[in-house]
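S.K.: For reference, the file entry.pdb (PDB, C-alpha atoms and all ligand atoms) is included below:
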ATOM      1  CA  MET A 961    -163.992  40.384 -85.707  1.00  0.00           C
ATOM      2  CA  MET A 962    -167.494  40.873 -84.389  1.00  0.00           C
ATOM      3  CA  ILE A 963    -168.395  40.708 -80.761  1.00  0.00           C
ATOM      4  CA  GLN A 964    -172.027  40.426 -79.838  1.00  0.00           C
ATOM      5  CA  LYS A 965    -172.704  42.257 -76.666  1.00  0.00           C
ATOM      6  CA  ASN A 966    -176.389  41.502 -76.355  1.00  0.00           C
ATOM      7  CA  GLY A 967    -175.721  37.929 -75.254  1.00  0.00           C
ATOM      8  CA  ARG A 968    -177.792  36.372 -78.009  1.00  0.00           C
ATOM      9  CA  ASN A 969    -174.809  34.582 -79.427  1.00  0.00           C
ATOM     10  CA  THR A 970    -174.306  31.811 -76.908  1.00  0.00           C
ATOM     11  CA  HIS A 971    -170.669  31.277 -77.948  1.00  0.00           C
ATOM     12  CA  CYS A 972    -169.726  34.757 -76.831  1.00  0.00           C
ATOM     13  CA  GLU A 973    -171.969  35.391 -73.889  1.00  0.00           C
ATOM     14  CA  SER A 974    -169.292  34.676 -71.320  1.00  0.00           C
ATOM     15  CA  ILE A 975    -166.738  37.168 -72.625  1.00  0.00           C
ATOM     16  CA  SER A 976    -167.010  40.948 -72.511  1.00  0.00           C
ATOM     17  CA  GLU A 977    -165.394  43.291 -74.976  1.00  0.00           C
ATOM     18  CA  GLU A 978    -163.136  44.520 -72.189  1.00  0.00           C
ATOM     19  CA  GLN A 979    -161.976  40.981 -71.427  1.00  0.00           C
ATOM     20  CA  TRP A 980    -161.378  40.276 -75.100  1.00  0.00           C
ATOM     21  CA  GLN A 981    -159.260  43.424 -75.425  1.00  0.00           C
ATOM     22  CA  ALA A 982    -157.271  42.371 -72.359  1.00  0.00           C
ATOM     23  CA  ILE A 983    -156.593  38.971 -73.949  1.00  0.00           C
ATOM     24  CA  ILE A 984    -155.494  40.221 -77.340  1.00  0.00           C
ATOM     25  CA  THR A 985    -153.272  42.921 -75.865  1.00  0.00           C
ATOM     26  CA  ASN A 986    -151.816  40.548 -73.193  1.00  0.00           C
ATOM     27  CA  ASN A 987    -152.797  43.085 -70.573  1.00  0.00           C
ATOM     28  CA  SER A 988    -151.267  41.991 -67.275  1.00  0.00           C
ATOM     29  CA  SER A 989    -153.363  44.416 -65.213  1.00  0.00           C
ATOM     30  CA  TYR A 990    -156.254  41.966 -65.701  1.00  0.00           C
ATOM     31  CA  ASP A 991    -154.281  39.008 -64.306  1.00  0.00           C
ATOM     32  CA  GLY A 992    -156.101  37.592 -61.315  1.00  0.00           C
ATOM     33  CA  GLN A 993    -159.379  39.243 -62.339  1.00  0.00           C
ATOM     34  CA  PHE A 994    -160.298  36.502 -64.753  1.00  0.00           C
ATOM     35  CA  PHE A 995    -158.866  33.559 -66.671  1.00  0.00           C
ATOM     36  CA  TYR A 996    -159.684  32.433 -70.158  1.00  0.00           C
ATOM     37  CA  ALA A 997    -159.824  28.964 -71.631  1.00  0.00           C
ATOM     38  CA  VAL A 998    -159.674  27.927 -75.262  1.00  0.00           C
ATOM     39  CA  LYS A 999    -162.179  25.193 -76.010  1.00  0.00           C
ATOM     40  CA  THR A1000    -160.253  23.737 -78.950  1.00  0.00           C
ATOM     41  CA  THR A1001    -157.082  23.103 -76.944  1.00  0.00           C
ATOM     42  CA  GLY A1002    -158.510  22.533 -73.461  1.00  0.00           C
ATOM     43  CA  ILE A1003    -155.970  24.959 -71.960  1.00  0.00           C
ATOM     44  CA  PHE A1004    -156.584  28.028 -69.821  1.00  0.00           C
ATOM     45  CA  CYS A1005    -154.459  31.142 -69.428  1.00  0.00           C
ATOM     46  CA  ARG A1006    -153.999  34.441 -67.676  1.00  0.00           C
ATOM     47  CA  PRO A1007    -155.041  37.463 -69.764  1.00  0.00           C
ATOM     48  CA  SER A1008    -151.383  38.473 -70.121  1.00  0.00           C
ATOM     49  CA  CYS A1009    -150.341  35.170 -71.710  1.00  0.00           C
ATOM     50  CA  LYS A1010    -148.162  35.692 -74.780  1.00  0.00           C
ATOM     51  CA  SER A1011    -149.723  32.754 -76.601  1.00  0.00           C
ATOM     52  CA  ARG A1012    -151.181  33.319 -80.023  1.00  0.00           C
ATOM     53  CA  PRO A1013    -154.613  34.978 -79.661  1.00  0.00           C
ATOM     54  CA  PRO A1014    -157.373  32.370 -79.881  1.00  0.00           C
ATOM     55  CA  ARG A1015    -160.493  32.709 -81.997  1.00  0.00           C
ATOM     56  CA  ILE A1016    -163.070  34.536 -79.934  1.00  0.00           C
ATOM     57  CA  GLU A1017    -165.754  31.935 -80.533  1.00  0.00           C
ATOM     58  CA  ASN A1018    -163.553  29.324 -78.837  1.00  0.00           C
ATOM     59  CA  VAL A1019    -162.932  31.342 -75.686  1.00  0.00           C
ATOM     60  CA  ARG A1020    -164.553  30.829 -72.311  1.00  0.00           C
ATOM     61  CA  THR A1021    -163.797  32.951 -69.289  1.00  0.00           C
ATOM     62  CA  PHE A1022    -163.618  31.979 -65.644  1.00  0.00           C
ATOM     63  CA  GLN A1023    -163.481  34.021 -62.465  1.00  0.00           C
ATOM     64  CA  THR A1024    -161.270  31.529 -60.674  1.00  0.00           C
ATOM     65  CA  VAL A1025    -158.664  28.885 -61.376  1.00  0.00           C
ATOM     66  CA  THR A1026    -160.768  26.333 -59.503  1.00  0.00           C
ATOM     67  CA  HIS A1027    -163.703  26.883 -61.803  1.00  0.00           C
ATOM     68  CA  ALA A1028    -161.540  26.340 -64.894  1.00  0.00           C
ATOM     69  CA  LEU A1029    -160.020  23.198 -63.366  1.00  0.00           C
ATOM     70  CA  THR A1030    -163.412  21.731 -62.442  1.00  0.00           C
ATOM     71  CA  GLU A1031    -164.453  22.158 -66.065  1.00  0.00           C
ATOM     72  CA  ASN A1032    -161.422  20.024 -66.951  1.00  0.00           C
ATOM     73  CA  PHE A1033    -159.305  22.737 -68.507  1.00  0.00           C
ATOM     74  CA  LEU A1034    -155.557  22.397 -68.005  1.00  0.00           C
ATOM     75  CA  PRO A1035    -153.324  25.278 -66.928  1.00  0.00           C
ATOM     76  CA  CYS A1036    -151.130  26.750 -69.660  1.00  0.00           C
ATOM     77  CA  LYS A1037    -147.509  25.753 -69.498  1.00  0.00           C
ATOM     78  CA  ARG A1038    -146.366  29.210 -70.519  1.00  0.00           C
ATOM     79  CA  CYS A1039    -148.287  31.583 -68.214  1.00  0.00           C
ATOM     80  CA  LYS A1040    -148.902  29.068 -65.371  1.00  0.00           C
ATOM     81  CA  PRO A1041    -152.282  30.419 -64.174  1.00  0.00           C
ATOM     82  CA  THR A1042    -152.274  28.205 -61.077  1.00  0.00           C
ATOM     83  CA  GLY A1043    -148.812  29.423 -60.154  1.00  0.00           C
ATOM     84  CA  GLN A1044    -147.548  25.873 -60.469  1.00  0.00           C
ATOM     85  CA  ARG A1045    -145.801  24.063 -63.212  1.00  0.00           C
ATOM     86  CA  LEU A1046    -148.065  21.890 -65.330  1.00  0.00           C
ATOM     87  CA  PRO A1047    -146.864  18.289 -64.982  1.00  0.00           C
ATOM     88  CA  ASP A1048    -145.271  17.142 -68.232  1.00  0.00           C
ATOM     89  CA  HIS A1049    -147.494  14.099 -68.640  1.00  0.00           C
ATOM     90  CA  GLU A1050    -150.598  16.289 -68.442  1.00  0.00           C
ATOM     91  CA  TRP A1051    -149.186  18.653 -71.002  1.00  0.00           C
ATOM     92  CA  VAL A1052    -148.331  15.779 -73.327  1.00  0.00           C
ATOM     93  CA  SER A1053    -151.813  14.342 -72.956  1.00  0.00           C
ATOM     94  CA  THR A1054    -153.255  17.717 -73.996  1.00  0.00           C
ATOM     95  CA  VAL A1055    -151.074  17.506 -77.078  1.00  0.00           C
ATOM     96  CA  THR A1056    -152.103  13.942 -77.944  1.00  0.00           C
ATOM     97  CA  ASP A1057    -155.780  14.822 -77.429  1.00  0.00           C
ATOM     98  CA  TYR A1058    -155.346  17.710 -79.811  1.00  0.00           C
ATOM     99  CA  ILE A1059    -153.685  15.492 -82.424  1.00  0.00           C
ATOM    100  CA  ASP A1060    -156.375  12.812 -82.015  1.00  0.00           C
ATOM    101  CA  ARG A1061    -159.051  15.379 -82.807  1.00  0.00           C
ATOM    102  CA  ASN A1062    -157.176  17.330 -85.503  1.00  0.00           C
ATOM    103  CA  TYR A1063    -155.036  14.791 -87.398  1.00  0.00           C
ATOM    104  CA  MET A1064    -156.727  15.874 -90.652  1.00  0.00           C
ATOM    105  CA  GLU A1065    -155.346  19.400 -90.333  1.00  0.00           C
ATOM    106  CA  ALA A1066    -151.901  20.547 -91.425  1.00  0.00           C
ATOM    107  CA  LEU A1067    -149.958  19.740 -88.250  1.00  0.00           C
ATOM    108  CA  THR A1068    -146.306  20.541 -87.731  1.00  0.00           C
ATOM    109  CA  LEU A1069    -144.154  20.581 -84.631  1.00  0.00           C
ATOM    110  CA  GLU A1070    -144.174  24.391 -84.821  1.00  0.00           C
ATOM    111  CA  ASN A1071    -147.924  24.895 -85.018  1.00  0.00           C
ATOM    112  CA  LEU A1072    -148.587  22.213 -82.400  1.00  0.00           C
ATOM    113  CA  ALA A1073    -146.190  23.961 -80.044  1.00  0.00           C
ATOM    114  CA  GLU A1074    -147.934  27.262 -80.676  1.00  0.00           C
ATOM    115  CA  ILE A1075    -151.389  25.767 -80.098  1.00  0.00           C
ATOM    116  CA  CYS A1076    -150.304  23.915 -76.984  1.00  0.00           C
ATOM    117  CA  HIS A1077    -148.317  26.826 -75.548  1.00  0.00           C
ATOM    118  CA  GLY A1078    -144.712  25.716 -75.478  1.00  0.00           C
ATOM    119  CA  SER A1079    -141.603  25.920 -77.609  1.00  0.00           C
ATOM    120  CA  PRO A1080    -141.111  23.397 -80.456  1.00  0.00           C
ATOM    121  CA  TYR A1081    -137.860  22.236 -78.901  1.00  0.00           C
ATOM    122  CA  HIS A1082    -139.411  21.666 -75.497  1.00  0.00           C
ATOM    123  CA  LEU A1083    -142.456  19.961 -76.980  1.00  0.00           C
ATOM    124  CA  HIS A1084    -140.310  17.582 -79.021  1.00  0.00           C
ATOM    125  CA  ARG A1085    -138.122  16.679 -76.068  1.00  0.00           C
ATOM    126  CA  THR A1086    -140.867  16.315 -73.473  1.00  0.00           C
ATOM    127  CA  PHE A1087    -143.159  14.394 -75.788  1.00  0.00           C
ATOM    128  CA  LYS A1088    -140.387  11.980 -76.701  1.00  0.00           C
ATOM    129  CA  ARG A1089    -139.440  11.377 -73.086  1.00  0.00           C
ATOM    130  CA  ILE A1090    -143.013  10.556 -72.096  1.00  0.00           C
ATOM    131  CA  LYS A1091    -144.393   8.827 -75.179  1.00  0.00           C
ATOM    132  CA  GLU A1092    -141.116   7.321 -76.429  1.00  0.00           C
ATOM    133  CA  MET A1093    -141.806   8.757 -79.856  1.00  0.00           C
ATOM    134  CA  THR A1094    -141.756  12.229 -81.346  1.00  0.00           C
ATOM    135  CA  PRO A1095    -144.932  14.285 -81.919  1.00  0.00           C
ATOM    136  CA  VAL A1096    -144.477  13.850 -85.657  1.00  0.00           C
ATOM    137  CA  GLU A1097    -144.241  10.060 -85.276  1.00  0.00           C
ATOM    138  CA  TYR A1098    -147.383  10.123 -83.149  1.00  0.00           C
ATOM    139  CA  ILE A1099    -149.224  12.125 -85.828  1.00  0.00           C
ATOM    140  CA  GLN A1100    -148.148   9.576 -88.444  1.00  0.00           C
ATOM    141  CA  ILE A1101    -149.392   6.642 -86.377  1.00  0.00           C
ATOM    142  CA  ILE A1102    -152.791   8.267 -85.810  1.00  0.00           C
ATOM    143  CA  ARG A1103    -153.065   9.060 -89.516  1.00  0.00           C
ATOM    144  CA  MET A1104    -152.074   5.567 -90.644  1.00  0.00           C
ATOM    145  CA  ASN A1105    -154.536   3.961 -88.211  1.00  0.00           C
ATOM    146  CA  LYS A1106    -157.247   6.169 -89.615  1.00  0.00           C
ATOM    147  CA  ALA A1107    -156.168   5.312 -93.165  1.00  0.00           C
ATOM    148  CA  LYS A1108    -156.401   1.574 -92.368  1.00  0.00           C
ATOM    149  CA  GLU A1109    -159.918   2.109 -91.077  1.00  0.00           C
ATOM    150  CA  TYR A1110    -160.958   3.942 -94.239  1.00  0.00           C
ATOM    151  CA  LEU A1111    -159.308   1.341 -96.471  1.00  0.00           C
ATOM    152  CA  ILE A1112    -161.158  -1.536 -94.845  1.00  0.00           C
ATOM    153  CA  GLU A1113    -164.466   0.052 -94.008  1.00  0.00           C
ATOM    154  CA  THR A1114    -165.065   2.311 -97.002  1.00  0.00           C
ATOM    155  CA  ASP A1115    -164.446   2.294-100.727  1.00  0.00           C
ATOM    156  CA  LYS A1116    -162.990   5.802-100.767  1.00  0.00           C
ATOM    157  CA  SER A1117    -160.156   6.289-103.255  1.00  0.00           C
ATOM    158  CA  ILE A1118    -156.570   6.428-102.049  1.00  0.00           C
ATOM    159  CA  SER A1119    -156.380  10.143-102.801  1.00  0.00           C
ATOM    160  CA  ASP A1120    -159.624  10.830-100.892  1.00  0.00           C
ATOM    161  CA  ILE A1121    -158.257   8.945 -97.926  1.00  0.00           C
ATOM    162  CA  GLY A1122    -154.994  10.904 -98.129  1.00  0.00           C
ATOM    163  CA  GLN A1123    -156.951  14.161 -98.045  1.00  0.00           C
ATOM    164  CA  GLN A1124    -159.049  13.004 -95.103  1.00  0.00           C
ATOM    165  CA  ILE A1125    -156.091  12.064 -92.959  1.00  0.00           C
ATOM    166  CA  GLY A1126    -154.324  15.349 -93.651  1.00  0.00           C
ATOM    167  CA  ILE A1127    -151.795  14.133 -96.244  1.00  0.00           C
ATOM    168  CA  ARG A1128    -152.469  15.887 -99.520  1.00  0.00           C
ATOM    169  CA  ASN A1129    -149.307  14.619-101.186  1.00  0.00           C
ATOM    170  CA  ILE A1130    -150.518  11.207-102.348  1.00  0.00           C
ATOM    171  CA  PRO A1131    -147.152   9.663-103.363  1.00  0.00           C
ATOM    172  CA  TYR A1132    -145.916  10.613 -99.906  1.00  0.00           C
ATOM    173  CA  PHE A1133    -148.991   9.017 -98.311  1.00  0.00           C
ATOM    174  CA  ILE A1134    -148.384   5.770-100.223  1.00  0.00           C
ATOM    175  CA  THR A1135    -144.684   5.706 -99.311  1.00  0.00           C
ATOM    176  CA  LEU A1136    -145.345   6.421 -95.648  1.00  0.00           C
ATOM    177  CA  PHE A1137    -148.123   3.839 -95.452  1.00  0.00           C
ATOM    178  CA  LYS A1138    -145.851   1.221 -96.971  1.00  0.00           C
ATOM    179  CA  LYS A1139    -142.997   2.122 -94.661  1.00  0.00           C
ATOM    180  CA  MET A1140    -145.220   1.790 -91.595  1.00  0.00           C
ATOM    181  CA  THR A1141    -147.343  -1.225 -92.480  1.00  0.00           C
ATOM    182  CA  GLY A1142    -145.323  -3.121 -95.075  1.00  0.00           C
ATOM    183  CA  PHE A1143    -148.190  -2.827 -97.569  1.00  0.00           C
ATOM    184  CA  THR A1144    -149.245  -0.284-100.125  1.00  0.00           C
ATOM    185  CA  PRO A1145    -152.708   1.124 -99.352  1.00  0.00           C
ATOM    186  CA  LEU A1146    -154.201  -0.898-102.204  1.00  0.00           C
ATOM    187  CA  THR A1147    -152.676  -4.229-101.230  1.00  0.00           C
ATOM    188  CA  TYR A1148    -153.626  -3.547 -97.623  1.00  0.00           C
ATOM    189  CA  ARG A1149    -157.223  -3.034 -98.702  1.00  0.00           C
ATOM    190  CA  GLN A1150    -157.212  -6.145-100.898  1.00  0.00           C
ATOM    191  CA  SER A1151    -155.724  -8.424 -98.294  1.00  0.00           C
ATOM    192  CA  ASN A1152    -158.081  -7.230 -95.577  1.00  0.00           C
ATOM    193  CA  THR A1153    -161.340  -7.182 -97.459  1.00  0.00           C
ATOM    194  CA  LYS A1154    -161.116 -10.596 -99.145  1.00  0.00           C
ATOM    195  CA  GLN A1155    -163.910 -12.899 -98.085  1.00  0.00           C
TER     196      GLN A1155
HETATM  197 ZN    ZN A1201    -151.001  30.874 -71.199  1.00  0.00          ZN
END
Transcribe the structure of this file into structure tokens.
M.R.:
Amino acid sequence: MMIQKNGRNTHCESISEEQWQAIITNNSSYDGQFFYAVKTTGIFCRPSCKSRPPRIENVRTFQTVTHALTENFLPCKRCKPTGQRLPDHEWVSTVTDYIDRNYMEALTLENLAEICHGSPYHLHRTFKRIKEMTPVEYIQIIRMNKAKEYLIETDKSISDIGQQIGIRNIPYFITLFKKMTGFTPLTYRQSNTKQ
């Protein structure tokens, strides 16, 4: 992985090599000296956090907790950079935001938990308590809503739409769509695009 130290690469200008090393080695002697946020998840951590190392181009660093909070980053549930527990509803809204922006990726309970800094078990339970559905059910709803949009507003093929909503297994896409809407994708398109 390359780190530009001359500051020309705007994505990396806020992080030094020393800080990056502290992050990837979970070095607790840097705790309190700086915090780092991951732009793709909207979460910030202490250097010692045991979360999966982020991609360097997505990292921003902050001198203080307040600065990270004013930029609308949320404290990590695992390393608790503010010293307080992140309220569950805030954590769950980080997770739903992430799903809303990444529904086309391969999402599982396990990788969501990793990305959003919690255990799969805890994520499943907390999400269900707050949203009254599981993370996987939420992902399916977002994907089916997106599929409906594509079916009505575009003439993309069913398999293209499956790919674009993150379901590469087309028979599975058709079955799931039918289970959730009562229509197959094709009949849904026909009945909603008739003049
Ligand atoms: Zn953390």
S.K.: Check what the PyMOL selection byres (((chain A and resi 1056-1062) around 10) and not hetatm) selects in the file above and give those residues as a VMD selection string.
M.R.: chain A and resid 1000 to 1002 1050 to 1055 1063 to 1067 1072 1075 to 1076 1087 1091 1095 to 1096 1098 to 1099 1102 to 1103 1125 to 1126
S.K.: Using only C-alpha atoms and all ligand atoms, which of A:Gly992, A:Gly1142, A:Pro1014, A:Pro1041 sits nearest ligand ZN 1201 (chain A)?
M.R.: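 That would be A:Pro1041, the residue with the smallest distance to ligand ZN 1201 (chain A).
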S.K.: Closest to Cys1009 in chain A among A:Gly1078, A:Pro1145, A:Gly1122, A:Pro1047, using all atoms listed in the file?
M.R.: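 Distance minimum relative to Cys1009 in chain A lands on A:Gly1078.
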S.K.: Of the candidates A:Asp1048, A:Glu1074, A:Glu1031, A:Glu1017, which shows the shortest atom-to-atom distance to ligand ZN 1201 (chain A), using only C-alpha atoms and all ligand atoms?
M.R.: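 Looking only at the distances to ligand ZN 1201 (chain A), the closest residue turns out to be A:Glu1074.
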S.K.: Taking the file as shown, what set of residues would the PyMOL selection byres (((not hetatm)) within 6 of (chain A and resi 1201)) give back, as a PDB file with C-alpha atoms, in the frame of the given file?
M.R.:
ATOM      1  CA  CYS A1005    -154.459  31.142 -69.428  1.00  0.00           C
ATOM      2  CA  ARG A1006    -153.999  34.441 -67.676  1.00  0.00           C
ATOM      3  CA  CYS A1009    -150.341  35.170 -71.710  1.00  0.00           C
ATOM      4  CA  SER A1011    -149.723  32.754 -76.601  1.00  0.00           C
ATOM      5  CA  CYS A1036    -151.130  26.750 -69.660  1.00  0.00           C
ATOM      6  CA  ARG A1038    -146.366  29.210 -70.519  1.00  0.00           C
ATOM      7  CA  CYS A1039    -148.287  31.583 -68.214  1.00  0.00           C
TER       8      CYS A1039
END
S.K.: Find the residues around range 1130-1134 of chain A up to 7 Å (only C-alpha atoms counted), leave out those fewer than 3 positions away in its own chain, and share them as a list of chain:residue names.
M.R.: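 The residues satisfying every condition are A:Ser1119, A:Gly1122, A:Ile1127, A:Phe1137, A:Lys1138, A:Thr1144, A:Pro1145.
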S.K.: Include C-alpha atoms and write out the residues we just selected as a PDB file, keeping the file's coordinate frame.
M.R.:
ATOM      1  CA  SER A1119    -156.380  10.143-102.801  1.00  0.00           C
ATOM      2  CA  GLY A1122    -154.994  10.904 -98.129  1.00  0.00           C
ATOM      3  CA  ILE A1127    -151.795  14.133 -96.244  1.00  0.00           C
ATOM      4  CA  PHE A1137    -148.123   3.839 -95.452  1.00  0.00           C
ATOM      5  CA  LYS A1138    -145.851   1.221 -96.971  1.00  0.00           C
ATOM      6  CA  THR A1144    -149.245  -0.284-100.125  1.00  0.00           C
ATOM      7  CA  PRO A1145    -152.708   1.124 -99.352  1.00  0.00           C
TER       8      PRO A1145
END
S.K.: With distances taken over all atoms listed in the file, which residue among A:Thr1086, A:Asn1018, A:Ser1079, A:Asn1105 lies nearest Thr1141 in chain A?
M.R.: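 The shortest atom-to-atom distance to Thr1141 in chain A comes from A:Asn1105.
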S.K.: Given the point (-163.1, -0.3, -100.1) in the coordinates of this file, which residues lie within 12 Å, counting only C-alpha atoms, and how would they look as a list of chain:residue names?
M.R.: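 The answer, in the requested form, is A:Ala1107, A:Lys1108, A:Glu1109, A:Tyr1110, A:Leu1111, A:Ile1112, A:Glu1113, A:Thr1114, A:Asp1115, A:Lys1116, A:Ser1117, A:Ile1118, A:Asp1120, A:Ile1121, A:Pro1145, A:Leu1146, A:Thr1147, A:Tyr1148, A:Arg1149, A:Gln1150, A:Ser1151, A:Asn1152, A:Thr1153, A:Lys1154.
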S.K.: Any idea what the distance is between CA of Arg1089 in chain A and CA of Leu1029 in chain A?
M.R.: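 Calculated distance between CA of Arg1089 in chain A and CA of Leu1029 in chain A is 25.6 Å.
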S.K.: Just how far from CA of Pro1080 in chain A is CA of Val1025 in chain A, in Å to one decimal?
M.R.: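 According to the coordinates, CA of Val1025 in chain A and CA of Pro1080 in chain A are separated by 26.5 Å.
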S.K.: Expressed in Å to a single decimal, how great is the separation between CA of Arg1015 in chain A and CA of Asn987 in chain A?
M.R.: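 Computing the Euclidean distance for CA of Arg1015 in chain A and CA of Asn987 in chain A yields 17.2 Å.
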S.K.: If we count all atoms listed in the file and set the cut-off at 10 Å, which residues sit around Gln979 in chain A, ignoring sequence neighbours fewer than 3 positions away in its own chain? Please answer as a PyMOL selection string.
M.R.: chain A and resi 974-976+982-985+987+990+993-996+1007+1021
S.K.: Around range 1115-1126 of chain A, with edges along x, y and z and 6 Å added on all six sides, what centre and edge lengths do you get, in Å to one decimal, as JSON?
M.R.:
{"center_x": -159.4, "center_y": 8.8, "center_z": -98.1, "size_x": 22.1, "size_y": 25.1, "size_z": 22.3}
S.K.: Could range 1072-1084 of chain A be completed with N, CA and C atoms and written as a PDB file, in the frame of the given file, please?
M.R.:
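Below is the file that was written, part-v6.pdb:
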ATOM      1  N   LEU A1072    -148.134  22.914 -83.610  1.00  0.00           N
ATOM      2  CA  LEU A1072    -148.587  22.213 -82.400  1.00  0.00           C
ATOM      3  C   LEU A1072    -148.064  22.900 -81.146  1.00  0.00           C
ATOM      4  N   ALA A1073    -146.798  23.298 -81.194  1.00  0.00           N
ATOM      5  CA  ALA A1073    -146.190  23.961 -80.044  1.00  0.00           C
ATOM      6  C   ALA A1073    -146.904  25.271 -79.754  1.00  0.00           C
ATOM      7  N   GLU A1074    -147.228  25.988 -80.822  1.00  0.00           N
ATOM      8  CA  GLU A1074    -147.934  27.262 -80.676  1.00  0.00           C
ATOM      9  C   GLU A1074    -149.309  27.034 -80.044  1.00  0.00           C
ATOM     10  N   ILE A1075    -150.037  26.058 -80.587  1.00  0.00           N
ATOM     11  CA  ILE A1075    -151.389  25.767 -80.098  1.00  0.00           C
ATOM     12  C   ILE A1075    -151.356  25.288 -78.652  1.00  0.00           C
ATOM     13  N   CYS A1076    -150.359  24.494 -78.322  1.00  0.00           N
ATOM     14  CA  CYS A1076    -150.304  23.915 -76.984  1.00  0.00           C
ATOM     15  C   CYS A1076    -149.375  24.685 -76.044  1.00  0.00           C
ATOM     16  N   HIS A1077    -148.993  25.883 -76.440  1.00  0.00           N
ATOM     17  CA  HIS A1077    -148.317  26.826 -75.548  1.00  0.00           C
ATOM     18  C   HIS A1077    -146.974  26.355 -75.021  1.00  0.00           C
ATOM     19  N   GLY A1078    -146.072  26.041 -75.907  1.00  0.00           N
ATOM     20  CA  GLY A1078    -144.712  25.716 -75.478  1.00  0.00           C
ATOM     21  C   GLY A1078    -143.792  25.954 -76.654  1.00  0.00           C
ATOM     22  N   SER A1079    -142.495  25.750 -76.464  1.00  0.00           N
ATOM     23  CA  SER A1079    -141.603  25.920 -77.609  1.00  0.00           C
ATOM     24  C   SER A1079    -141.506  24.593 -78.362  1.00  0.00           C
ATOM     25  N   PRO A1080    -141.242  24.645 -79.684  1.00  0.00           N
ATOM     26  CA  PRO A1080    -141.111  23.397 -80.456  1.00  0.00           C
ATOM     27  C   PRO A1080    -140.058  22.465 -79.859  1.00  0.00           C
ATOM     28  N   TYR A1081    -138.942  23.038 -79.454  1.00  0.00           N
ATOM     29  CA  TYR A1081    -137.860  22.236 -78.901  1.00  0.00           C
ATOM     30  C   TYR A1081    -138.313  21.497 -77.640  1.00  0.00           C
ATOM     31  N   HIS A1082    -138.956  22.243 -76.760  1.00  0.00           N
ATOM     32  CA  HIS A1082    -139.411  21.666 -75.497  1.00  0.00           C
ATOM     33  C   HIS A1082    -140.501  20.621 -75.730  1.00  0.00           C
ATOM     34  N   LEU A1083    -141.385  20.910 -76.657  1.00  0.00           N
ATOM     35  CA  LEU A1083    -142.456  19.961 -76.980  1.00  0.00           C
ATOM     36  C   LEU A1083    -141.859  18.645 -77.494  1.00  0.00           C
ATOM     37  N   HIS A1084    -140.939  18.768 -78.437  1.00  0.00           N
ATOM     38  CA  HIS A1084    -140.310  17.582 -79.021  1.00  0.00           C
ATOM     39  C   HIS A1084    -139.646  16.724 -77.941  1.00  0.00           C
TER      40      HIS A1084
END
